[in-house]
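See below for start29.cif, which holds mmCIF, C-alpha atoms and all ligand atoms.
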data_entry
#
loop_
_atom_site.label_atom_id
_atom_site.label_comp_id
_atom_site.auth_asym_id
_atom_site.auth_seq_id
_atom_site.Cartn_x
_atom_site.Cartn_y
_atom_site.Cartn_z
CA MET A 20 16.82 1.59 5.87
CA SER A 21 14.72 -1.11 4.20
CA GLU A 22 16.23 -4.49 3.43
CA LEU A 23 15.81 -3.95 -0.31
CA ASN A 24 17.46 -0.54 -0.19
CA ASN A 25 20.30 -2.11 1.74
CA THR A 26 20.74 -4.79 -0.92
CA ALA A 27 20.76 -2.21 -3.73
CA LEU A 28 23.44 -0.19 -1.90
CA LYS A 29 25.47 -3.31 -1.21
CA ILE A 30 25.53 -4.07 -4.93
CA LEU A 31 26.46 -0.55 -6.09
CA GLY A 32 28.16 1.08 -3.06
CA ASN A 33 31.88 1.96 -2.89
CA GLY A 34 32.31 2.12 -6.65
CA LYS A 35 31.17 -1.45 -7.17
CA GLY A 36 29.27 -2.51 -10.27
CA ILE A 37 27.51 -5.49 -11.77
CA LEU A 38 28.84 -8.22 -14.04
CA ALA A 39 26.04 -9.09 -16.47
CA ALA A 40 26.80 -12.75 -17.23
CA ASP A 41 23.18 -13.61 -17.96
CA GLU A 42 23.43 -14.21 -21.70
CA SER A 43 20.78 -16.72 -22.75
CA THR A 44 22.15 -19.95 -24.24
CA ALA A 45 21.38 -18.59 -27.73
CA THR A 46 23.30 -15.33 -27.07
CA MET A 47 26.19 -17.11 -25.35
CA THR A 48 26.41 -19.47 -28.32
CA LYS A 49 26.78 -16.43 -30.60
CA ARG A 50 29.58 -15.08 -28.37
CA LEU A 51 31.39 -18.43 -28.24
CA ASP A 52 30.93 -19.03 -32.00
CA SER A 53 32.63 -15.68 -32.63
CA VAL A 54 35.79 -16.98 -30.91
CA ASN A 55 35.50 -20.54 -32.28
CA VAL A 56 34.72 -22.29 -29.01
CA PRO A 57 31.95 -24.95 -29.01
CA SER A 58 28.97 -23.77 -26.97
CA THR A 59 28.54 -26.67 -24.53
CA PRO A 60 27.20 -26.38 -20.95
CA GLU A 61 30.72 -27.25 -19.74
CA ASN A 62 32.42 -24.49 -21.76
CA ARG A 63 29.82 -21.91 -20.78
CA LEU A 64 30.40 -22.82 -17.13
CA LEU A 65 34.17 -22.90 -17.45
CA PHE A 66 34.39 -19.36 -18.82
CA ARG A 67 31.93 -17.98 -16.31
CA GLU A 68 33.54 -19.78 -13.38
CA THR A 69 36.88 -18.30 -14.42
CA LEU A 70 35.41 -14.80 -14.11
CA PHE A 71 33.53 -15.50 -10.86
CA SER A 72 36.75 -16.78 -9.22
CA SER A 73 38.73 -13.64 -10.11
CA SER A 74 40.27 -11.51 -7.36
CA SER A 75 38.42 -8.35 -8.51
CA MET A 76 35.11 -9.90 -7.46
CA LYS A 77 35.77 -8.82 -3.88
CA ASP A 78 36.46 -5.11 -4.43
CA CYS A 79 34.79 -4.32 -7.75
CA ILE A 80 31.84 -6.60 -8.50
CA GLY A 81 28.89 -6.07 -6.14
CA GLY A 82 26.56 -8.40 -8.04
CA VAL A 83 26.56 -10.95 -10.85
CA ILE A 84 23.51 -11.52 -13.04
CA LEU A 85 23.19 -15.20 -13.90
CA TYR A 86 21.16 -17.13 -16.44
CA ASP A 87 18.87 -20.02 -15.44
CA GLU A 88 21.42 -22.61 -16.61
CA THR A 89 24.29 -21.12 -14.58
CA ILE A 90 22.46 -20.58 -11.28
CA LYS A 91 21.80 -24.35 -11.21
CA GLN A 92 25.37 -25.40 -12.09
CA THR A 93 28.08 -26.62 -9.70
CA SER A 94 31.64 -25.24 -9.81
CA SER A 95 34.76 -27.38 -10.23
CA LYS A 96 35.26 -27.02 -6.46
CA LYS A 97 31.81 -28.58 -5.99
CA ASN A 98 30.05 -25.57 -4.52
CA THR A 99 27.03 -24.08 -6.26
CA ILE A 100 27.57 -21.02 -8.47
CA PRO A 101 25.58 -18.74 -6.10
CA GLU A 102 27.85 -19.98 -3.26
CA LEU A 103 30.98 -19.33 -5.31
CA ILE A 104 29.78 -15.74 -5.92
CA SER A 105 28.60 -15.13 -2.33
CA ASP A 106 31.93 -16.38 -0.95
CA THR A 107 33.64 -13.44 -2.70
CA GLY A 108 31.28 -10.98 -0.97
CA SER A 109 29.36 -10.31 -4.19
CA LEU A 110 25.61 -11.02 -4.55
CA PRO A 111 24.11 -13.48 -7.03
CA GLY A 112 21.25 -12.26 -9.22
CA ILE A 113 19.16 -13.84 -11.95
CA LYS A 114 17.64 -12.84 -15.29
CA VAL A 115 13.96 -13.77 -15.05
CA ASP A 116 12.44 -12.56 -18.31
CA THR A 117 12.06 -15.17 -21.03
CA GLY A 118 13.11 -12.93 -23.89
CA ALA A 119 11.77 -10.28 -26.26
CA LYS A 120 9.09 -11.52 -28.68
CA ILE A 121 7.24 -9.86 -31.58
CA LEU A 122 4.73 -7.32 -30.25
CA ALA A 123 1.23 -8.11 -31.53
CA GLY A 124 -0.21 -4.92 -32.99
CA SER A 125 3.26 -3.58 -33.91
CA PRO A 126 5.15 -6.54 -35.36
CA ASP A 127 8.41 -4.63 -36.00
CA GLU A 128 8.76 -4.07 -32.27
CA LYS A 129 9.33 -6.33 -29.30
CA ILE A 130 7.60 -7.08 -26.01
CA THR A 131 9.44 -8.90 -23.26
CA GLU A 132 7.70 -12.00 -21.93
CA GLY A 133 7.96 -14.05 -18.75
CA LEU A 134 5.19 -12.95 -16.37
CA ASP A 135 3.24 -16.22 -16.41
CA GLY A 136 4.34 -18.38 -13.48
CA LEU A 137 6.88 -15.74 -12.44
CA ARG A 138 5.89 -15.72 -8.74
CA GLU A 139 6.69 -19.46 -8.50
CA ARG A 140 9.97 -19.16 -10.43
CA LEU A 141 11.05 -16.28 -8.17
CA LYS A 142 10.54 -18.41 -5.06
CA GLU A 143 12.74 -21.09 -6.60
CA TYR A 144 15.50 -18.62 -7.50
CA TYR A 145 15.36 -17.09 -4.02
CA LYS A 146 15.89 -20.53 -2.53
CA LEU A 147 18.87 -21.02 -4.86
CA GLY A 148 20.42 -17.87 -3.36
CA ALA A 149 19.38 -15.02 -5.70
CA LYS A 150 19.21 -11.59 -4.03
CA PHE A 151 18.26 -9.57 -7.09
CA THR A 152 16.80 -10.05 -10.56
CA LYS A 153 16.81 -8.57 -14.05
CA TRP A 154 14.20 -7.96 -16.75
CA ARG A 155 15.07 -6.21 -20.02
CA GLY A 156 12.64 -4.32 -22.23
CA VAL A 157 14.00 -3.38 -25.65
CA TYR A 158 13.12 -0.46 -27.92
CA ASN A 159 14.21 0.53 -31.42
CA ILE A 160 14.49 4.10 -32.66
CA THR A 161 13.21 4.77 -36.20
CA LYS A 162 10.97 7.50 -37.64
CA SER A 163 7.89 5.81 -36.15
CA TYR A 164 9.33 3.85 -33.22
CA PRO A 165 9.30 3.27 -30.35
CA SER A 166 5.51 3.38 -30.63
CA LYS A 167 3.29 4.37 -27.72
CA LEU A 168 2.16 0.73 -27.67
CA SER A 169 5.69 -0.61 -27.14
CA ILE A 170 6.55 2.09 -24.59
CA HIS A 171 3.38 1.40 -22.64
CA SER A 172 3.33 -2.41 -22.81
CA ASN A 173 7.00 -2.84 -21.90
CA ALA A 174 6.69 -0.39 -18.99
CA HIS A 175 3.63 -2.30 -17.76
CA ALA A 176 5.51 -5.62 -17.90
CA LEU A 177 8.57 -4.12 -16.13
CA ALA A 178 6.32 -2.82 -13.35
CA ARG A 179 4.41 -6.08 -12.88
CA TYR A 180 7.74 -7.93 -12.78
CA SER A 181 9.19 -5.47 -10.23
CA ALA A 182 6.20 -5.75 -7.89
CA LEU A 183 6.44 -9.57 -7.91
CA VAL A 184 10.21 -9.47 -7.29
CA GLN A 185 9.89 -7.14 -4.30
CA GLU A 186 7.09 -9.31 -2.91
CA CYS A 187 9.71 -12.10 -2.92
CA ASN A 188 12.29 -9.89 -1.10
CA MET A 189 14.64 -9.36 -4.02
CA VAL A 190 15.78 -6.16 -5.75
CA PRO A 191 14.50 -5.81 -9.32
CA ILE A 192 16.84 -4.38 -11.92
CA VAL A 193 14.61 -2.42 -14.28
CA GLU A 194 16.24 -2.42 -17.70
CA PRO A 195 14.61 -0.41 -20.48
CA GLU A 196 17.18 -0.57 -23.30
CA VAL A 197 16.82 1.89 -26.16
CA LEU A 198 19.10 0.32 -28.76
CA MET A 199 21.93 2.21 -30.44
CA ASP A 200 21.18 0.54 -33.81
CA GLY A 201 20.19 3.05 -36.48
CA ASP A 202 20.99 6.45 -37.90
CA HIS A 203 19.17 8.55 -35.30
CA SER A 204 20.79 11.54 -33.64
CA ALA A 205 21.79 11.76 -29.98
CA LYS A 206 18.97 14.29 -29.54
CA GLU A 207 16.44 11.71 -30.70
CA CYS A 208 17.99 9.17 -28.34
CA LEU A 209 17.65 11.68 -25.51
CA GLU A 210 13.96 12.30 -26.28
CA LYS A 211 13.04 8.64 -26.72
CA THR A 212 15.05 7.40 -23.72
CA SER A 213 13.44 10.07 -21.51
CA GLU A 214 9.95 9.11 -22.70
CA VAL A 215 10.63 5.40 -22.14
CA ILE A 216 12.06 5.90 -18.62
CA LYS A 217 9.29 8.28 -17.55
CA LYS A 218 6.65 5.76 -18.62
CA CYS A 219 8.45 3.02 -16.67
CA PHE A 220 8.31 5.08 -13.46
CA GLU A 221 4.66 5.97 -14.04
CA GLU A 222 3.87 2.24 -14.14
CA LEU A 223 6.24 1.34 -11.27
CA ILE A 224 4.49 3.88 -9.06
CA MET A 225 1.05 2.60 -10.13
CA HIS A 226 2.13 -0.93 -9.17
CA LYS A 227 3.29 0.34 -5.75
CA VAL A 228 6.90 -0.64 -6.28
CA ASP A 229 9.24 0.70 -3.57
CA LEU A 230 11.55 2.91 -5.62
CA LYS A 231 14.22 2.81 -2.89
CA GLY A 232 14.53 -0.93 -3.55
CA ILE A 233 15.18 -1.01 -7.30
CA ILE A 234 18.18 -0.46 -9.58
CA LEU A 235 17.61 1.25 -12.93
CA LYS A 236 19.67 -0.14 -15.82
CA PRO A 237 19.39 2.29 -18.73
CA ASN A 238 21.35 2.90 -21.92
CA MET A 239 23.59 5.94 -22.16
CA VAL A 240 22.41 8.67 -24.52
CA LEU A 241 24.34 8.05 -27.74
CA ALA A 242 23.98 8.85 -31.43
CA GLY A 243 22.85 5.81 -33.45
CA ASN A 244 25.67 3.58 -34.66
CA LYS A 245 24.88 4.52 -38.29
CA SER A 246 24.44 8.21 -37.59
CA LYS A 247 26.72 10.62 -39.43
CA LYS A 248 26.57 13.06 -36.55
CA LYS A 249 28.82 11.60 -33.88
CA ILE A 250 29.04 13.38 -30.56
CA THR A 251 31.94 13.65 -28.11
CA ASN A 252 32.22 11.61 -24.91
CA GLU A 253 31.69 14.84 -22.95
CA GLU A 254 28.38 15.34 -24.79
CA VAL A 255 27.34 11.73 -24.11
CA ALA A 256 27.90 12.36 -20.40
CA LYS A 257 26.05 15.67 -20.45
CA LEU A 258 23.01 14.35 -22.35
CA THR A 259 22.85 11.16 -20.27
CA LEU A 260 22.82 13.20 -17.05
CA GLU A 261 20.21 15.57 -18.47
CA CYS A 262 18.01 12.59 -19.40
CA LEU A 263 18.25 10.85 -16.02
CA LYS A 264 17.89 14.01 -13.96
CA SER A 265 14.60 14.80 -15.61
CA SER A 266 13.11 11.31 -15.71
CA VAL A 267 14.24 9.33 -12.62
CA PRO A 268 12.58 9.97 -9.24
CA SER A 269 15.04 10.94 -6.50
CA GLU A 270 14.18 7.91 -4.30
CA VAL A 271 15.97 5.54 -6.70
CA PRO A 272 19.30 4.65 -5.04
CA GLY A 273 21.31 3.62 -8.03
CA ILE A 274 21.68 3.56 -11.77
CA ALA A 275 23.84 0.91 -13.46
CA PHE A 276 24.35 1.42 -17.18
CA LEU A 277 24.38 -1.32 -19.80
CA SER A 278 27.20 -1.14 -22.34
CA GLY A 279 24.94 -1.88 -25.33
CA GLY A 280 27.66 -2.50 -27.92
CA GLN A 281 30.08 0.26 -26.94
CA SER A 282 33.74 -0.81 -26.94
CA GLU A 283 35.30 -1.58 -23.58
CA ILE A 284 37.22 1.69 -23.41
CA GLU A 285 34.30 3.80 -24.67
CA ALA A 286 31.99 2.32 -21.99
CA THR A 287 34.59 3.07 -19.31
CA GLU A 288 35.38 6.57 -20.57
CA ASN A 289 31.72 7.57 -20.82
CA LEU A 290 30.96 6.24 -17.32
CA ASN A 291 33.95 8.15 -15.96
CA LEU A 292 32.75 11.42 -17.50
CA ILE A 293 29.20 10.85 -16.25
CA ASN A 294 30.62 10.55 -12.73
CA LYS A 295 32.93 13.54 -13.11
CA HIS A 296 29.91 15.68 -13.94
CA ASN A 297 27.39 13.85 -11.76
CA ASN A 298 25.29 16.59 -10.15
CA THR A 299 22.61 14.18 -8.92
CA ASN A 300 22.30 12.06 -5.77
CA PHE A 301 22.17 8.84 -7.77
CA ILE A 302 25.01 6.34 -7.65
CA MET A 303 26.04 5.95 -11.31
CA SER A 304 27.74 2.66 -11.94
CA TYR A 305 27.95 -0.17 -14.46
CA SER A 306 26.13 -3.41 -15.25
CA TYR A 307 28.19 -4.45 -18.24
CA GLY A 308 28.12 -7.65 -20.24
CA ARG A 309 30.27 -7.28 -23.34
CA ALA A 310 32.29 -4.31 -22.03
CA LEU A 311 33.52 -6.41 -19.08
CA GLN A 312 33.95 -9.74 -20.82
CA GLN A 313 35.07 -9.28 -24.42
CA SER A 314 38.87 -9.14 -23.98
CA ALA A 315 38.77 -11.85 -21.31
CA LEU A 316 36.74 -14.06 -23.66
CA ASN A 317 39.22 -13.50 -26.50
CA ASN A 318 42.13 -14.55 -24.28
CA TRP A 319 40.27 -17.54 -22.83
CA SER A 320 39.30 -18.78 -26.28
CA LYS A 321 42.97 -18.87 -27.34
CA ASP A 322 44.07 -20.90 -24.31
CA ARG A 323 41.39 -22.22 -22.00
CA LYS A 324 44.06 -23.37 -19.52
CA ASP A 325 45.40 -19.83 -19.08
CA ILE A 326 43.10 -19.05 -16.15
CA ASP A 327 45.53 -16.50 -14.67
CA GLY A 328 45.83 -14.59 -17.95
CA THR A 329 42.06 -14.44 -18.46
CA GLN A 330 41.50 -13.35 -14.87
CA ARG A 331 44.20 -10.68 -15.16
CA ILE A 332 42.38 -9.17 -18.14
CA PHE A 333 38.99 -9.35 -16.41
CA ASN A 334 40.41 -7.86 -13.19
CA HIS A 335 41.82 -4.96 -15.13
CA ARG A 336 38.47 -4.12 -16.79
CA ALA A 337 36.60 -4.49 -13.50
CA LYS A 338 39.09 -2.18 -11.80
CA MET A 339 38.93 0.41 -14.60
CA ASN A 340 35.14 0.49 -14.45
CA THR A 341 35.12 0.74 -10.67
CA LEU A 342 37.45 3.73 -10.96
CA ALA A 343 35.15 5.18 -13.64
CA SER A 344 32.14 4.81 -11.37
CA GLN A 345 33.94 7.19 -9.01
CA GLY A 346 35.17 9.53 -11.75
CA LYS A 347 38.77 8.47 -11.04
CA TRP A 348 39.67 6.72 -14.32
CA SER A 349 42.12 8.10 -16.86
CA LYS A 350 43.32 6.74 -20.21
CA ASP A 351 46.91 6.34 -19.02
CA LEU A 352 45.77 3.62 -16.59
CA GLU A 353 44.91 1.40 -19.57
CA ILE A 354 47.49 -1.17 -20.61
P1 LIG B 1 25.81 -5.29 -22.48
O1 LIG B 1 26.60 -4.53 -21.44
O2 LIG B 1 26.67 -6.21 -23.32
O3 LIG B 1 24.89 -4.44 -23.29
O4 LIG B 1 24.89 -6.31 -21.67
C1 LIG B 1 24.20 -5.84 -20.59
C2 LIG B 1 22.94 -6.56 -20.47
O5 LIG B 1 22.66 -7.15 -19.45
C3 LIG B 1 21.97 -6.51 -21.59
O6 LIG B 1 20.74 -7.00 -21.17
#

Starting from the file, lay out its structure as structure tokens.
Ligand code: 13P
Amino acid sequence: MSELNNTALKILGNGKGILAADESTATMTKRLDSVNVPSTPENRLLFRETLFSSSSMKDCIGGVILYDETIKQTSSKKNTIPELISDTGSLPGIKVDTGAKILAGSPDEKITEGLDGLRERLKEYYKLGAKFTKWRGVYNITKSYPSKLSIHSNAHALARYSALVQECNMVPIVEPEVLMDGDHSAKECLEKTSEVIKKCFEELIMHKVDLKGIILKPNMVLAGNKSKKKITNEEVAKLTLECLKSSVPSEVPGIAFLSGGQSEIEATENLNLINKHNNTNFIMSYSYGRALQQSALNNWSKDRKDIDGTQRIFNHRAKMNTLASQGKWSKDLEI
């Protein structure tokens, strides 16, 4: 087994998933503003350190995606954040894209940037302890989008990023996120997500990326959040499996979904159903940001000294999602 394949399986094996704590400072400021906490480097660290010191890190969280600021911070116990995470048995990872910018030629769409100087930045992150990385491409569904241009250019960037990351001995998380914003149907989401993912693999193969050493981080197939035609959780699971079965090559070891604005319970319930019906060889797990952190953040914002209370809430969500990634979750386990 290759080293990269081994790393991917270490992150997602045994029902483990990923904590996406890689919000940029701008996004984290939005999250902290929403709970009336000043967004200072100290507060951002304090909340994140509270999560990374939780007991569920050992059994549930196989990897944590960090942001540039956090990977360089020191914990209150004076070890580095990558050390704090590694000491729990989990692996530190790092977001390496520099954000989604207006796509020239199709200004209503976005292209993710960050390739210039990436090889050098990767070497630095590797030295800081990173074992895997993340890059997110983002796509909107409307009558005319995502355009061929956005599908092609984001896939190309994801593939160039992945090749550079593997060259530096880290596992790239490939994240093409088709947003749930809009009034599109689940069927349209299925079609567009399949097209986007297929294009990503076409480019990954062209760039000679070892597919056994990546993790795919896709959206689930959902109806748009303004769509009148809602679908059931069972249908979400069925369509998501249909999409991935037809567009992901069998060499890929694992798929870790983003939560994308679903509520905590919805994200857990859908993941559970996907695993109940999983008729593929892919590990299907989670790489959640909001769906792992929201309730913990609410509690923490009310009393920043209540470390135990915040960790209890985070541990519960991590445990529920780890059960869901094995198809063993049920609603009556929720508190
Ligand atoms: P959400 O689970 O909140 O969508 O965040 C995951 C992520 O990493 C988005 O890039």

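The smallest atom-to-atom distance between ligand LIG 1 (chain B) and any of A:Ala27, A:Ala343, A:Val197, A:Ala40, using all atoms listed in the file, is found for A:Ala40.
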
key: Point-to-point distance from atom CA of A:Asp106 to atom CA of A:Asp41, Å rounded to tenths   = 19.3 Å

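Of the residues listed (A:Thr212, A:Asn55, A:Asn98, A:Asn291), A:Asn55 shows the shortest atom-to-atom separation from A:Asn317; distances use all atoms listed in the file.
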
Within 8 Å of ligand LIG 1 (chain B) (all atoms listed in the file), residues as a compact mmCIF listing (two decimals) with C-alpha atoms, keeping the file's coordinate frame:
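New file selection07.txt:
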# COMPACT_ATOMS: atom_id res chain seq x y z
CA ALA A 39 26.04 -9.09 -16.47
CA ALA A 40 26.80 -12.75 -17.23
CA ASP A 41 23.18 -13.61 -17.96
CA GLU A 42 23.43 -14.21 -21.70
CA ILE A 84 23.51 -11.52 -13.04
CA TRP A 154 14.20 -7.96 -16.75
CA ARG A 155 15.07 -6.21 -20.02
CA GLU A 194 16.24 -2.42 -17.70
CA GLU A 196 17.18 -0.57 -23.30
CA PHE A 276 24.35 1.42 -17.18
CA LEU A 277 24.38 -1.32 -19.80
CA SER A 278 27.20 -1.14 -22.34
CA GLY A 279 24.94 -1.88 -25.33
CA GLY A 280 27.66 -2.50 -27.92
CA GLN A 281 30.08 0.26 -26.94
CA SER A 306 26.13 -3.41 -15.25
CA TYR A 307 28.19 -4.45 -18.24
CA GLY A 308 28.12 -7.65 -20.24
CA ARG A 309 30.27 -7.28 -23.34
CA ALA A 310 32.29 -4.31 -22.03
CA LEU A 311 33.52 -6.41 -19.08

message = What's the separation between atom CA of A:Arg138 and atom CA of A:Gln185, in Å to one decimal place?
response = 10.5 Å

inquiry  = I'd like the neighbourhood of A:Gly273 as a PyMOL selection string, where a residue qualifies if any of its atoms comes within 8 Å (using all atoms listed in the file), though same-chain residues fewer than 5 positions away should be ignored.
reply    = chain A and resi 27-28+31+233-235+301-304

inquiry  = Just want the 12 Å neighbourhood of A:Ser349, counted on only C-alpha atoms, with same-chain residues fewer than 4 positions away dropped. Output as a PyMOL selection string.
reply    = chain A and resi 284-285+287-292+295+338-345+353-354

request  = Counting all atoms listed in the file, find the residues whose atoms lie at most 6 Å from (18.8, -6.6, -11.4) (file coordinates) and write them out as JSON, numbers by chain.
outcome  = {"A": [151, 152, 153, 191, 192]}

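Remark: for A:Ser94, the closest of the candidate residues A:Asn62, A:Ser75, A:Asn334, A:Thr26 is A:Asn62 (distances computed over all atoms listed in the file).
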
request  = Would you mind listing what lies within 12 Å of A:Asn300 as JSON, numbers by chain, with all atoms listed in the file counted and same-chain residues fewer than 5 positions away left out?
outcome  = {"A": [260, 263, 264, 267, 268, 269, 270, 271, 272, 273, 274, 294]}

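Summary of the local environment: counting only C-alpha atoms, residues at most 12 Å from A:Leu122, other than itself and those fewer than 3 positions away along its chain, are Gly118, Ala119, Ser125, Pro126, Asp127, Glu128, Lys129, Ile130, Thr131, Glu132, Gly156, Val157, Tyr158, Pro165, Ser166, Leu168, Ser169, Ile170, His171, Ser172 and Asn173 of chain A.
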
inquiry  = I need the residue nearest A:Leu258 from this list: A:Ser282, A:Glu214, A:Ser181, A:Cys208. Use all atoms listed in the file for the distance.
reply    = A:Cys208

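Minimum distance to A:Ala178 across A:Gly136, A:Cys262, A:His203, A:Val228 (counting all atoms listed in the file) occurs at A:Val228.
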
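The spacing separating atom CA of A:Met199 from atom CA of A:Ser320 amounts to 27.6 Å.
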
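Distances from A:Ala275, A:Val54, A:Leu103, A:Ala256 to A:Leu70 were compared using only C-alpha atoms, and the smallest one belongs to A:Leu103.
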
message = Using only C-alpha atoms, which protein or nucleic acid residues come within 12 Å of A:Arg63? Drop anything in the same chain fewer than 2 positions from it, and give the result as a PyMOL selection string.
response = chain A and resi 40-52+56-61+65-70+85-86+88-89+92+94+316+319-320+323
